[in-house]
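Here is the file final34.txt (compact mmCIF, C-alpha atoms).
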```
# COMPACT_ATOMS: atom_id res chain seq x y z
CA MET A 1 -47.28 -184.32 -21.37
CA ASP A 2 -50.93 -185.40 -21.03
CA TYR A 3 -51.99 -188.62 -22.71
CA ALA A 4 -54.43 -188.60 -25.63
CA THR A 5 -56.67 -191.03 -27.47
CA ILE A 6 -55.57 -190.78 -31.09
CA LEU A 7 -57.00 -192.05 -34.37
CA LEU A 8 -54.21 -192.60 -36.91
CA VAL A 9 -55.38 -192.83 -40.53
CA ASP A 10 -52.97 -193.91 -43.30
CA ASP A 11 -53.34 -196.39 -46.17
CA GLU A 12 -49.70 -197.52 -45.83
CA PRO A 13 -49.62 -200.11 -43.00
CA ALA A 14 -45.86 -199.93 -42.45
CA GLN A 15 -45.85 -196.14 -42.03
CA ARG A 16 -48.91 -196.36 -39.81
CA GLU A 17 -47.37 -199.00 -37.53
CA ILE A 18 -44.14 -197.06 -37.05
CA LEU A 19 -45.97 -193.90 -36.01
CA ALA A 20 -48.46 -195.83 -33.86
CA GLY A 21 -45.59 -197.59 -32.07
CA TYR A 22 -43.93 -194.28 -31.23
CA LEU A 23 -47.16 -192.78 -29.92
CA LYS A 24 -47.90 -195.83 -27.76
CA LYS A 25 -44.42 -195.68 -26.22
CA LYS A 26 -45.23 -192.09 -25.25
CA GLY A 27 -48.27 -193.38 -23.35
CA HIS A 28 -51.01 -192.46 -25.83
CA ARG A 29 -53.87 -194.76 -26.75
CA VAL A 30 -53.87 -195.29 -30.52
CA PHE A 31 -56.50 -196.60 -32.92
CA GLN A 32 -55.64 -197.24 -36.57
CA ALA A 33 -57.56 -197.07 -39.85
CA GLY A 34 -56.46 -197.56 -43.46
CA SER A 35 -59.25 -195.67 -45.20
CA TYR A 36 -61.97 -193.05 -44.87
CA THR A 37 -64.63 -195.73 -44.27
CA GLN A 38 -62.60 -197.52 -41.57
CA ALA A 39 -61.75 -194.23 -39.86
CA LEU A 40 -65.40 -193.20 -39.69
CA ALA A 41 -66.36 -196.57 -38.18
CA VAL A 42 -63.64 -196.34 -35.48
CA PHE A 43 -64.55 -192.75 -34.66
CA LYS A 44 -68.18 -193.66 -34.04
CA ASP A 45 -67.20 -196.42 -31.59
CA TYR A 46 -64.61 -194.59 -29.46
CA ALA A 47 -64.07 -191.20 -27.80
CA ILE A 48 -61.24 -189.69 -29.84
CA ASP A 49 -59.23 -186.64 -28.75
CA ALA A 50 -57.27 -186.09 -31.99
CA VAL A 51 -57.08 -187.46 -35.52
CA PHE A 52 -53.89 -187.63 -37.61
CA SER A 53 -54.84 -188.45 -41.19
CA ASP A 54 -52.90 -188.88 -44.41
CA TYR A 55 -54.10 -186.54 -47.14
CA ARG A 56 -54.27 -189.24 -49.84
CA MET A 57 -56.42 -192.33 -49.23
CA PRO A 58 -57.90 -195.00 -51.52
CA ASP A 59 -61.58 -194.05 -51.19
CA LYS A 60 -61.81 -190.37 -50.09
CA ASN A 61 -59.13 -187.87 -49.14
CA GLY A 62 -58.23 -186.29 -45.83
CA VAL A 63 -60.40 -183.22 -46.40
CA ASP A 64 -63.45 -185.44 -46.90
CA LEU A 65 -62.66 -187.17 -43.61
CA LEU A 66 -62.10 -183.81 -41.92
CA LYS A 67 -65.53 -182.54 -42.96
CA SER A 68 -67.30 -185.75 -41.90
CA LEU A 69 -65.62 -185.94 -38.49
CA ARG A 70 -66.13 -182.27 -37.66
CA ALA A 71 -69.80 -182.61 -38.59
CA LEU A 72 -69.99 -185.22 -35.80
CA GLN A 73 -67.70 -183.35 -33.36
CA PRO A 74 -67.16 -179.68 -34.33
CA ALA A 75 -64.34 -179.04 -31.83
CA LEU A 76 -62.30 -182.09 -32.89
CA ALA A 77 -58.61 -181.49 -33.66
CA VAL A 78 -57.79 -183.01 -37.07
CA VAL A 79 -54.17 -182.90 -38.31
CA LEU A 80 -53.36 -183.75 -41.93
CA MET A 81 -50.14 -185.53 -42.84
CA THR A 82 -48.95 -184.75 -46.34
CA ALA A 83 -45.99 -185.12 -48.63
CA PHE A 84 -43.96 -181.98 -49.30
CA GLY A 85 -45.40 -181.58 -52.82
CA THR A 86 -49.00 -181.31 -51.56
CA ILE A 87 -48.55 -178.76 -48.77
CA GLU A 88 -50.87 -176.42 -50.69
CA ASN A 89 -53.65 -178.98 -50.21
CA ALA A 90 -52.97 -179.12 -46.46
CA VAL A 91 -53.05 -175.33 -46.15
CA ALA A 92 -56.34 -175.31 -48.03
CA ALA A 93 -57.61 -177.96 -45.62
CA MET A 94 -56.87 -175.64 -42.69
CA ARG A 95 -59.34 -173.20 -44.21
CA GLU A 96 -61.87 -176.04 -43.93
CA GLY A 97 -61.15 -176.38 -40.20
CA ALA A 98 -58.06 -178.60 -39.94
CA TYR A 99 -56.14 -177.92 -36.72
CA ASP A 100 -52.71 -178.13 -38.39
CA TYR A 101 -50.62 -180.24 -40.79
CA LEU A 102 -47.38 -182.21 -40.70
CA THR A 103 -45.12 -182.98 -43.67
CA LYS A 104 -43.74 -186.46 -44.29
CA PRO A 105 -41.44 -187.85 -43.09
CA ILE A 106 -42.88 -186.87 -39.73
CA ASN A 107 -40.57 -184.96 -37.39
CA LEU A 108 -41.26 -186.61 -34.02
CA ASP A 109 -40.32 -183.53 -31.99
CA GLU A 110 -42.84 -181.48 -33.98
CA LEU A 111 -45.40 -184.23 -33.40
CA ASP A 112 -44.86 -184.08 -29.62
CA VAL A 113 -45.20 -180.29 -29.51
CA LEU A 114 -48.34 -180.41 -31.64
CA LEU A 115 -49.92 -183.07 -29.43
CA GLN A 116 -49.19 -181.03 -26.33
CA ARG A 117 -50.95 -178.02 -27.89
CA ILE A 118 -53.90 -180.20 -28.87
CA MET A 119 -54.30 -181.57 -25.34
CA GLU A 120 -54.07 -178.08 -23.81
CA ARG A 121 -56.80 -176.99 -26.22
CA HIS A 122 -58.86 -180.08 -25.36
CA HIS A 123 -58.64 -179.32 -21.62
CA LEU A 124 -59.62 -175.68 -22.22
CA ILE A 125 -62.67 -176.70 -24.25
CA THR A 126 -63.69 -179.22 -21.58
CA GLU A 127 -63.30 -176.64 -18.81
CA ASN A 128 -65.36 -174.11 -20.78
CA LYS A 129 -68.13 -176.67 -21.26
CA GLU A 130 -68.13 -177.49 -17.55
CA LEU A 131 -68.15 -173.79 -16.65
CA LYS A 132 -71.04 -173.12 -19.02
CA ALA A 133 -72.96 -176.06 -17.54
CA GLN A 134 -72.33 -174.72 -14.03
CA LEU A 135 -73.49 -171.25 -15.05
CA SER A 136 -76.60 -172.68 -16.68
CA GLU A 137 -77.42 -174.54 -13.48
CA LYS A 138 -76.52 -171.65 -11.16
CA TYR A 139 -78.53 -169.10 -13.10
CA SER A 140 -81.49 -171.29 -13.93
CA PHE A 141 -84.88 -170.20 -12.58
CA SER A 142 -84.85 -173.20 -10.25
CA GLY A 143 -81.48 -172.01 -8.92
CA ILE A 144 -82.84 -168.63 -7.75
CA VAL A 145 -83.47 -168.69 -3.99
CA SER A 146 -87.08 -167.66 -3.46
CA GLN A 147 -90.29 -168.83 -1.85
CA SER A 148 -92.34 -165.61 -1.66
CA ALA A 149 -95.42 -165.09 -3.82
CA PRO A 150 -94.19 -161.75 -5.32
CA MET A 151 -90.90 -163.30 -6.45
CA GLU A 152 -92.56 -166.43 -7.78
CA GLN A 153 -94.71 -164.18 -9.97
CA VAL A 154 -91.56 -162.43 -11.26
CA LEU A 155 -89.94 -165.76 -12.13
CA ASN A 156 -93.12 -166.98 -13.80
CA VAL A 157 -93.17 -163.97 -16.13
CA ALA A 158 -89.42 -164.25 -16.79
CA GLY A 159 -89.75 -167.93 -17.65
CA ARG A 160 -92.57 -167.30 -20.11
CA VAL A 161 -90.70 -164.57 -22.01
CA ALA A 162 -87.29 -166.27 -22.05
CA GLN A 163 -87.86 -167.93 -25.44
CA SER A 164 -88.84 -164.70 -27.16
CA ASP A 165 -86.37 -162.20 -28.63
CA ALA A 166 -88.26 -159.14 -27.39
CA PRO A 167 -86.28 -156.54 -25.39
CA ILE A 168 -86.85 -156.71 -21.64
CA LEU A 169 -86.64 -153.92 -19.06
CA VAL A 170 -85.94 -155.20 -15.54
CA ARG A 171 -86.79 -152.65 -12.87
CA GLY A 172 -86.16 -152.55 -9.16
CA GLU A 173 -84.07 -151.05 -6.37
CA SER A 174 -80.32 -151.61 -6.20
CA GLY A 175 -79.40 -155.01 -4.87
CA THR A 176 -82.70 -156.75 -5.62
CA GLY A 177 -81.17 -159.22 -8.07
CA LYS A 178 -81.91 -157.70 -11.48
CA GLU A 179 -78.87 -159.23 -13.15
CA VAL A 180 -79.55 -162.64 -11.59
CA VAL A 181 -82.95 -162.62 -13.32
CA ALA A 182 -81.37 -161.41 -16.57
CA LYS A 183 -78.87 -164.29 -16.52
CA ALA A 184 -81.64 -166.77 -15.78
CA ILE A 185 -83.58 -165.50 -18.81
CA HIS A 186 -80.49 -165.88 -21.02
CA PHE A 187 -79.71 -169.42 -19.88
CA ALA A 188 -83.35 -170.45 -20.30
CA SER A 189 -83.43 -169.12 -23.89
CA ASP A 190 -82.35 -170.55 -27.23
CA ARG A 191 -79.33 -168.22 -26.98
CA ALA A 192 -77.86 -170.03 -23.93
CA ALA A 193 -74.99 -171.53 -25.97
CA HIS A 194 -73.96 -168.05 -27.12
CA PRO A 195 -72.38 -165.17 -25.16
CA TYR A 196 -73.95 -163.30 -22.27
CA ILE A 197 -72.31 -159.86 -22.09
CA ALA A 198 -72.96 -157.38 -19.26
CA VAL A 199 -72.23 -153.64 -19.32
CA ASN A 200 -72.52 -151.27 -16.35
CA CYS A 201 -73.63 -148.09 -18.14
CA ALA A 202 -73.29 -145.93 -15.01
CA ALA A 203 -69.58 -146.67 -14.66
CA LEU A 204 -68.53 -145.09 -17.99
CA ASN A 205 -68.60 -141.58 -19.45
CA GLU A 206 -70.20 -140.97 -22.86
CA GLN A 207 -67.10 -141.58 -25.00
CA LEU A 208 -66.04 -144.69 -23.11
CA LEU A 209 -69.57 -146.09 -23.08
CA GLU A 210 -70.00 -145.72 -26.85
CA SER A 211 -66.60 -147.34 -27.39
CA GLU A 212 -67.52 -150.12 -24.97
CA LEU A 213 -70.86 -150.79 -26.64
CA PHE A 214 -69.98 -150.33 -30.31
CA GLY A 215 -66.18 -150.65 -30.46
CA HIS A 216 -63.82 -148.21 -32.13
CA GLU A 217 -61.39 -147.93 -35.00
CA ARG A 218 -57.72 -147.20 -34.58
CA GLY A 219 -57.17 -143.46 -34.13
CA ALA A 220 -60.84 -142.74 -33.39
CA PHE A 221 -59.78 -140.79 -30.29
CA THR A 222 -56.72 -140.22 -28.12
CA GLY A 223 -55.53 -143.56 -26.83
CA ALA A 224 -57.30 -145.65 -29.49
CA GLU A 225 -54.13 -147.35 -30.67
CA ARG A 226 -55.85 -150.32 -32.29
CA GLN A 227 -59.25 -151.43 -33.50
CA ARG A 228 -61.49 -152.83 -30.79
CA GLN A 229 -64.71 -154.84 -30.96
CA GLY A 230 -67.60 -153.53 -28.91
CA ARG A 231 -69.87 -155.47 -26.59
CA PHE A 232 -72.62 -155.71 -29.21
CA GLU A 233 -70.23 -157.50 -31.58
CA LEU A 234 -69.05 -159.81 -28.82
CA ALA A 235 -72.66 -160.61 -27.88
CA ASP A 236 -73.69 -161.53 -31.44
CA SER A 237 -76.26 -164.39 -31.37
CA GLY A 238 -76.42 -164.04 -27.58
CA THR A 239 -77.67 -161.58 -24.97
CA ILE A 240 -76.40 -158.17 -23.88
CA PHE A 241 -77.35 -156.89 -20.41
CA LEU A 242 -77.31 -153.10 -20.07
CA ASP A 243 -77.31 -152.30 -16.36
CA GLU A 244 -78.29 -148.81 -15.13
CA ILE A 245 -79.67 -147.89 -18.55
CA GLY A 246 -81.13 -144.69 -17.11
CA ASP A 247 -77.65 -143.20 -16.82
CA ILE A 248 -76.62 -143.24 -20.50
CA SER A 249 -76.05 -139.99 -22.37
CA ALA A 250 -78.29 -138.53 -25.07
CA GLY A 251 -75.80 -139.47 -27.81
CA ALA A 252 -75.55 -143.08 -26.66
CA GLN A 253 -79.35 -143.25 -26.47
CA VAL A 254 -79.61 -142.33 -30.17
CA ARG A 255 -77.13 -145.03 -31.21
CA LEU A 256 -78.74 -147.61 -28.96
CA LEU A 257 -82.15 -146.84 -30.44
CA ARG A 258 -80.79 -147.56 -33.92
CA VAL A 259 -79.40 -150.94 -32.81
CA LEU A 260 -82.77 -151.88 -31.37
CA GLN A 261 -84.62 -150.78 -34.52
CA GLU A 262 -82.25 -151.95 -37.27
CA HIS A 263 -79.73 -154.26 -35.53
CA GLN A 264 -76.98 -152.16 -37.12
CA PHE A 265 -74.25 -149.76 -35.97
CA GLU A 266 -70.78 -148.43 -36.83
CA ARG A 267 -67.74 -148.53 -34.58
CA VAL A 268 -66.68 -145.16 -33.15
CA GLY A 269 -64.59 -143.46 -35.85
CA GLY A 270 -65.59 -146.02 -38.48
CA SER A 271 -67.80 -146.09 -41.56
CA GLU A 272 -68.42 -149.83 -41.97
CA THR A 273 -71.97 -150.80 -40.99
CA LEU A 274 -72.07 -153.91 -38.82
CA THR A 275 -75.13 -156.10 -38.35
CA VAL A 276 -75.73 -158.14 -35.20
CA ASP A 277 -78.37 -160.48 -33.80
CA VAL A 278 -78.53 -159.63 -30.09
CA ARG A 279 -81.24 -159.91 -27.46
CA VAL A 280 -81.23 -156.79 -25.23
CA ILE A 281 -82.09 -156.92 -21.54
CA ALA A 282 -81.82 -153.55 -19.77
CA ALA A 283 -82.12 -152.75 -16.08
CA THR A 284 -82.61 -149.63 -14.02
CA ASN A 285 -83.34 -148.50 -10.47
CA LYS A 286 -84.58 -145.13 -11.73
CA ASN A 287 -88.04 -143.91 -12.63
CA LEU A 288 -87.65 -143.61 -16.40
CA GLU A 289 -91.07 -142.02 -16.81
CA GLN A 290 -89.85 -139.12 -14.66
CA ALA A 291 -86.62 -138.99 -16.67
CA ILE A 292 -88.68 -138.72 -19.87
CA ALA A 293 -90.72 -135.89 -18.38
CA GLY A 294 -87.49 -134.18 -17.36
CA GLY A 295 -86.02 -134.52 -20.85
CA THR A 296 -83.08 -136.76 -19.87
CA PHE A 297 -84.36 -140.01 -21.40
CA ARG A 298 -85.82 -140.55 -24.86
CA GLU A 299 -89.44 -141.68 -24.91
CA ASP A 300 -88.97 -143.70 -28.13
CA LEU A 301 -86.02 -145.57 -26.59
CA PHE A 302 -88.05 -146.28 -23.47
CA TYR A 303 -90.82 -147.92 -25.49
CA ARG A 304 -88.26 -149.95 -27.48
CA LEU A 305 -86.70 -151.25 -24.27
CA ASN A 306 -89.94 -151.66 -22.35
CA VAL A 307 -91.59 -154.21 -24.66
CA ILE A 308 -91.64 -156.55 -21.68
CA SER A 309 -91.31 -155.07 -18.18
CA ILE A 310 -90.32 -157.09 -15.11
CA GLU A 311 -90.49 -155.38 -11.72
CA ILE A 312 -88.48 -157.01 -8.93
CA PRO A 313 -89.87 -156.08 -5.50
CA PRO A 314 -87.50 -155.00 -2.69
CA LEU A 315 -86.65 -157.57 -0.05
CA ARG A 316 -88.76 -155.80 2.58
CA LYS A 317 -91.83 -156.56 0.44
CA ARG A 318 -90.99 -160.25 0.10
CA ARG A 319 -89.93 -161.11 3.61
CA ASP A 320 -90.65 -164.79 3.06
CA ASP A 321 -87.42 -164.87 1.04
CA ILE A 322 -85.22 -163.64 3.91
CA ALA A 323 -84.90 -166.96 5.75
CA PRO A 324 -83.98 -169.08 2.70
CA LEU A 325 -81.55 -166.41 1.51
CA LEU A 326 -79.87 -166.29 4.93
CA ASP A 327 -79.52 -170.05 4.90
CA TYR A 328 -78.24 -170.10 1.30
CA PHE A 329 -75.53 -167.49 1.86
CA LEU A 330 -74.58 -169.01 5.22
CA ARG A 331 -73.87 -172.36 3.54
CA MET A 332 -72.01 -170.67 0.67
CA TYR A 333 -69.65 -168.61 2.82
CA ALA A 334 -69.26 -171.30 5.47
CA ASP A 335 -67.93 -173.62 2.75
CA LYS A 336 -65.65 -170.94 1.33
CA ASN A 337 -64.22 -170.11 4.76
CA LYS A 338 -63.94 -173.76 5.89
CA LYS A 339 -66.52 -173.28 8.66
CA LYS A 340 -69.04 -175.86 7.48
CA ASP A 341 -70.58 -176.44 10.93
CA VAL A 342 -71.29 -172.79 11.73
CA VAL A 343 -74.92 -171.81 12.48
CA PHE A 344 -76.79 -168.68 13.57
CA SER A 345 -77.58 -168.30 17.25
CA LYS A 346 -81.26 -167.84 18.07
CA GLU A 347 -80.76 -164.14 18.89
CA ALA A 348 -78.78 -163.42 15.72
CA TRP A 349 -81.34 -165.27 13.61
CA GLU A 350 -84.23 -163.25 15.05
CA ILE A 351 -82.40 -159.96 14.45
CA LEU A 352 -81.60 -160.92 10.85
CA LEU A 353 -85.21 -161.87 10.19
CA ARG A 354 -86.51 -158.53 11.56
CA TYR A 355 -84.03 -156.30 9.74
CA GLU A 356 -85.40 -154.18 6.85
CA TYR A 357 -82.42 -154.63 4.44
CA PRO A 358 -82.48 -151.24 2.67
CA GLY A 359 -79.68 -152.60 0.44
CA ASN A 360 -81.82 -155.66 -0.41
CA VAL A 361 -80.29 -159.05 -1.26
CA ARG A 362 -76.84 -157.58 -1.83
CA GLU A 363 -76.79 -156.18 1.71
CA LEU A 364 -78.07 -159.44 3.17
CA GLU A 365 -75.29 -161.35 1.41
CA ASN A 366 -72.63 -158.93 2.65
CA ILE A 367 -73.91 -159.19 6.24
CA VAL A 368 -73.79 -162.98 6.17
CA GLN A 369 -70.33 -163.07 4.58
CA ARG A 370 -68.98 -160.69 7.23
CA ALA A 371 -70.65 -162.63 10.05
CA VAL A 372 -69.14 -165.93 8.89
CA ILE A 373 -65.65 -164.40 8.70
CA PHE A 374 -65.89 -162.83 12.18
CA SER A 375 -67.57 -165.79 13.87
CA ARG A 376 -65.74 -167.72 16.58
CA GLY A 377 -66.60 -171.36 17.17
CA GLU A 378 -69.69 -172.93 15.66
CA GLN A 379 -72.19 -170.09 16.26
CA ILE A 380 -72.73 -166.69 14.69
CA THR A 381 -73.82 -164.48 17.56
CA THR A 382 -75.09 -160.90 17.78
CA ARG A 383 -71.51 -159.66 18.29
CA ASP A 384 -70.69 -160.89 14.75
CA LEU A 385 -73.41 -158.69 13.21
CA PRO A 386 -72.90 -155.07 12.04
CA LEU A 387 -73.67 -152.31 14.53
CA GLN A 388 -76.61 -150.97 12.52
CA LEU A 389 -78.51 -154.18 13.26
CA SER A 390 -78.39 -153.48 17.00
CA SER A 391 -81.47 -151.26 16.69
CA HIS A 392 -83.37 -154.44 15.95
CA GLN A 393 -82.34 -156.06 19.23
CA PRO A 394 -84.95 -156.31 22.04
CA GLU A 395 -85.66 -153.23 24.18
CA LEU A 396 -84.10 -153.02 27.65
CA SER A 397 -87.54 -153.55 29.17
CA ASP A 398 -87.82 -156.93 27.49
CA THR A 399 -85.78 -158.64 30.22
CA ALA A 400 -86.61 -162.23 29.29
CA SER A 401 -85.45 -161.80 25.72
CA LEU A 402 -82.48 -159.67 26.73
CA LEU A 403 -81.12 -162.29 29.13
CA ASN A 404 -81.64 -165.20 26.77
CA GLY A 405 -78.29 -166.82 25.88
CA THR A 406 -74.84 -167.30 27.34
CA MET A 407 -73.23 -164.71 29.62
CA PRO A 408 -70.80 -163.50 26.90
CA GLU A 409 -73.71 -163.10 24.46
CA VAL A 410 -75.85 -161.19 26.99
CA THR A 411 -72.89 -158.99 27.97
CA ALA A 412 -72.05 -158.23 24.33
CA ARG A 413 -75.72 -157.45 23.61
CA ILE A 414 -76.08 -155.01 26.52
CA GLU A 415 -72.73 -153.39 25.75
CA SER A 416 -73.70 -152.85 22.11
CA MET A 417 -77.08 -151.39 23.06
CA MET A 418 -75.57 -148.97 25.59
CA ILE A 419 -72.94 -147.77 23.10
CA GLU A 420 -75.61 -147.28 20.43
CA LYS A 421 -77.81 -145.32 22.86
CA ALA A 422 -74.93 -143.10 24.01
CA LEU A 423 -73.84 -142.31 20.45
CA LYS A 424 -77.40 -141.38 19.48
CA GLU A 425 -77.77 -139.07 22.47
CA THR A 426 -74.48 -137.32 21.69
CA ASN A 427 -75.06 -137.16 17.90
CA GLY A 428 -72.13 -139.46 17.28
CA ASN A 429 -69.62 -137.57 19.41
CA GLN A 430 -67.36 -140.34 20.73
CA THR A 431 -65.72 -138.20 23.41
CA LYS A 432 -69.07 -137.28 24.98
CA ALA A 433 -70.43 -140.81 24.52
CA ALA A 434 -67.40 -142.28 26.33
CA HIS A 435 -67.90 -139.82 29.21
CA THR A 436 -71.60 -140.77 29.45
CA LEU A 437 -70.68 -144.47 29.54
CA GLY A 438 -67.95 -143.95 32.12
CA ILE A 439 -65.21 -145.37 29.94
CA SER A 440 -62.25 -143.88 28.11
CA GLU A 441 -62.54 -142.76 24.51
CA ARG A 442 -59.85 -145.33 23.61
CA THR A 443 -61.95 -148.11 25.17
CA LEU A 444 -65.01 -146.93 23.24
CA ARG A 445 -63.09 -146.97 19.94
CA TYR A 446 -61.88 -150.48 20.74
CA ARG A 447 -65.45 -151.64 21.45
CA LEU A 448 -66.66 -150.09 18.20
CA MET A 449 -63.88 -151.76 16.18
CA LYS A 450 -64.62 -155.07 17.90
CA GLY A 451 -68.28 -154.75 16.95
CA LYS A 452 -67.50 -154.29 13.23
```

Have the structure of the file written as structure tokens, please.
Amino acid sequence: MDYATILLVDDEPAQREILAGYLKKKGHRVFQAGSYTQALAVFKDYAIDAVFSDYRMPDKNGVDLLKSLRALQPALAVVLMTAFGTIENAVAAMREGAYDYLTKPINLDELDVLLQRIMERHHLITENKELKAQLSEKYSFSGIVSQSAPMEQVLNVAGRVAQSDAPILVRGESGTGKEVVAKAIHFASDRAAHPYIAVNCAALNEQLLESELFGHERGAFTGAERQRQGRFELADSGTIFLDEIGDISAGAQVRLLRVLQEHQFERVGGSETLTVDVRVIAATNKNLEQAIAGGTFREDLFYRLNVISIEIPPLRKRRDDIAPLLDYFLRMYADKNKKKDVVFSKEAWEILLRYEYPGNVRELENIVQRAVIFSRGEQITTRDLPLQLSSHQPELSDTASLLNGTMPEVTARIESMMIEKALKETNGNQTKAAHTLGISERTLRYRLMKGK
């Protein structure tokens, strides 16, 4: 069992000493107090994991102490110790936030089990705090990898609107980092301590999406065997991120419009009206103005969502971000794959800088991850890059650039270029391409697999 720092509060010294002695033998650190006033003084001087307090004390009772201590440390575990005749008081205290109660005389086995539960809870709370701190740091504006002027303008706007509660529409191509910006806005806002809930609207049909967003009652539809809270309920006091908002159905658009206007909704199949306080950030890679003209997206919903619009430019229009992103993802995946000393070769680096990245940051990340995994030794070479990047290698006429590097690198580069050229000339027919190259089809397939 883990060891805890415990505050033991009881106005009977003999009883207190017996219990303290047992807890110390178990390895716990124990502080003692004989009254409400003494307990409060000890608590303010030491970091306490759990408090075990008698219900009856000479100045104030255990519930008074419970309220005072939890006002100082809301997550504190306070256990009341009570005589059998006052169990009702202990149960009432649990409604005030007591973790549990024990009846006197104390059963030591029950005490050990209860302490183990308290320490497991304490570790979980600590881990959650650390995770939240890591998320806040990771998704802060300063944590977003960028040095281009267009992206700096995006982050400037996002930072200025973070403290407001106005709905935000984040627009941009797939893979540009729309959710990264949404998370940064959440963690920079007053809602950072509350939930951030993300929903991919494109991944769900109309019935599932409405159930996901608003929850459902038992029996609302086939398979609804129990009541379920929706994402809006779970995001109460926090932020909900609605990705691919342009793909939601007409029915879901109506219900979403009501939430934005009135902050109210009913679960699917229910009649109870629920009220929530949620900041909505939506994202899309579609032209919603065209969708409105085509009758597939409500104009009134668009204007509700588009109070503040943030447009994230594609990576090809902020090429100054490519180099820092390559370096960032290289370090990330090198650490994960225990290849901390790996670097890009000069040729691979130049190809990666010239590439257009039609899949934007997401594609860049995937390319780097793959290259790190396939790399041999301490260098990522051109052979570790996907075949589609070979079109960005130097032309055959550029002899100086072509022959730059080690013999294996030059050989791999020429081989890749010849295969690419043969496949283009034969419209992807591997049999014909192999004949043109003077190799067997099996050898060609092997070279292609090796290049992946």

Near-segment 326-343 of chain A list (7 Å; all atoms listed in the file; drop same-chain fewer than 2 positions) as a list in words: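 These residues fall inside the cut-off: Ile322, Ala323, Pro324, Ser345, Glu365, Val368, Gln369, Val372, Glu378, Gln379 and Ile380 of chain A.
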
Box for segment 305-312 of chain A: with edges along x, y and z, all listed atoms inside and 4 Å added on each side, what are the centre and edge lengths in Å to one decimal, as AutoDock Vina command-line options?
```
--center_x -89.2 --center_y -154.2 --center_z -16.8 --size_x 12.9 --size_y 13.8 --size_z 23.7
```

Taking all atoms listed in the file into account, which of A:Leu108, A:Gly62, A:Val180, A:Tyr36 comes nearest Tyr22 of chain A? A:Leu108

If we count only C-alpha atoms, what is near segment 140-156 of chain A at a cut-off of 12 Å, once residues fewer than 2 positions away on the same chain are taken out, given as a count of residues only? 53

Skipping near chain neighbours, those fewer than 4 positions away, what residues fall within 9 Å of Pro167 of chain A using all atoms listed in the file, listed as a ChimeraX atom specification? /A:260,279-282,304-309

If you measure from atom CA of Ile48 of chain A to atom CA of Ala83 of chain A, what distance in Å do you get, rounded to one decimal? 24.6 Å

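Every protein, DNA or RNA residue with an atom at most 12 Å from Asn107 of chain A, where only C-alpha atoms count and chain neighbours fewer than 5 positions away do not, is listed here: Leu19, Tyr22, Met81, Tyr101, Leu102, Asp112, Val113 and Leu114 of chain A.
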
Could you jot down the atom CA of Arg362 of chain A to atom CA of Gly175 of chain A separation for me, Å, one decimal place?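 Separation of atom CA of Arg362 of chain A and atom CA of Gly175 of chain A: 4.7 Å.
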
Polymer residues at most 7 Å from segment 209-220 of chain A, only C-alpha atoms, same-chain spacing of 5 or more positions, as a PDB file with C-alpha atoms, keeping the file's coordinate frame:
```pdb
ATOM      1  CA  CYS A 201     -73.630-148.090 -18.140  1.00  0.00           C
ATOM      2  CA  LEU A 204     -68.530-145.090 -17.990  1.00  0.00           C
ATOM      3  CA  GLU A 225     -54.130-147.350 -30.670  1.00  0.00           C
ATOM      4  CA  ARG A 226     -55.850-150.320 -32.290  1.00  0.00           C
ATOM      5  CA  GLN A 227     -59.250-151.430 -33.500  1.00  0.00           C
ATOM      6  CA  ARG A 228     -61.490-152.830 -30.790  1.00  0.00           C
ATOM      7  CA  GLN A 229     -64.710-154.840 -30.960  1.00  0.00           C
ATOM      8  CA  GLY A 230     -67.600-153.530 -28.910  1.00  0.00           C
ATOM      9  CA  ARG A 231     -69.870-155.470 -26.590  1.00  0.00           C
ATOM     10  CA  PHE A 232     -72.620-155.710 -29.210  1.00  0.00           C
ATOM     11  CA  ALA A 252     -75.550-143.080 -26.660  1.00  0.00           C
ATOM     12  CA  GLU A 266     -70.780-148.430 -36.830  1.00  0.00           C
ATOM     13  CA  ARG A 267     -67.740-148.530 -34.580  1.00  0.00           C
ATOM     14  CA  VAL A 268     -66.680-145.160 -33.150  1.00  0.00           C
ATOM     15  CA  GLY A 269     -64.590-143.460 -35.850  1.00  0.00           C
ATOM     16  CA  GLY A 270     -65.590-146.020 -38.480  1.00  0.00           C
TER      17      GLY A 270
END
```

Could you work out how far atom CA of Val79 of chain A lies from atom CA of Asp100 of chain A, giving the answer in Å with one decimal? 5.0 Å
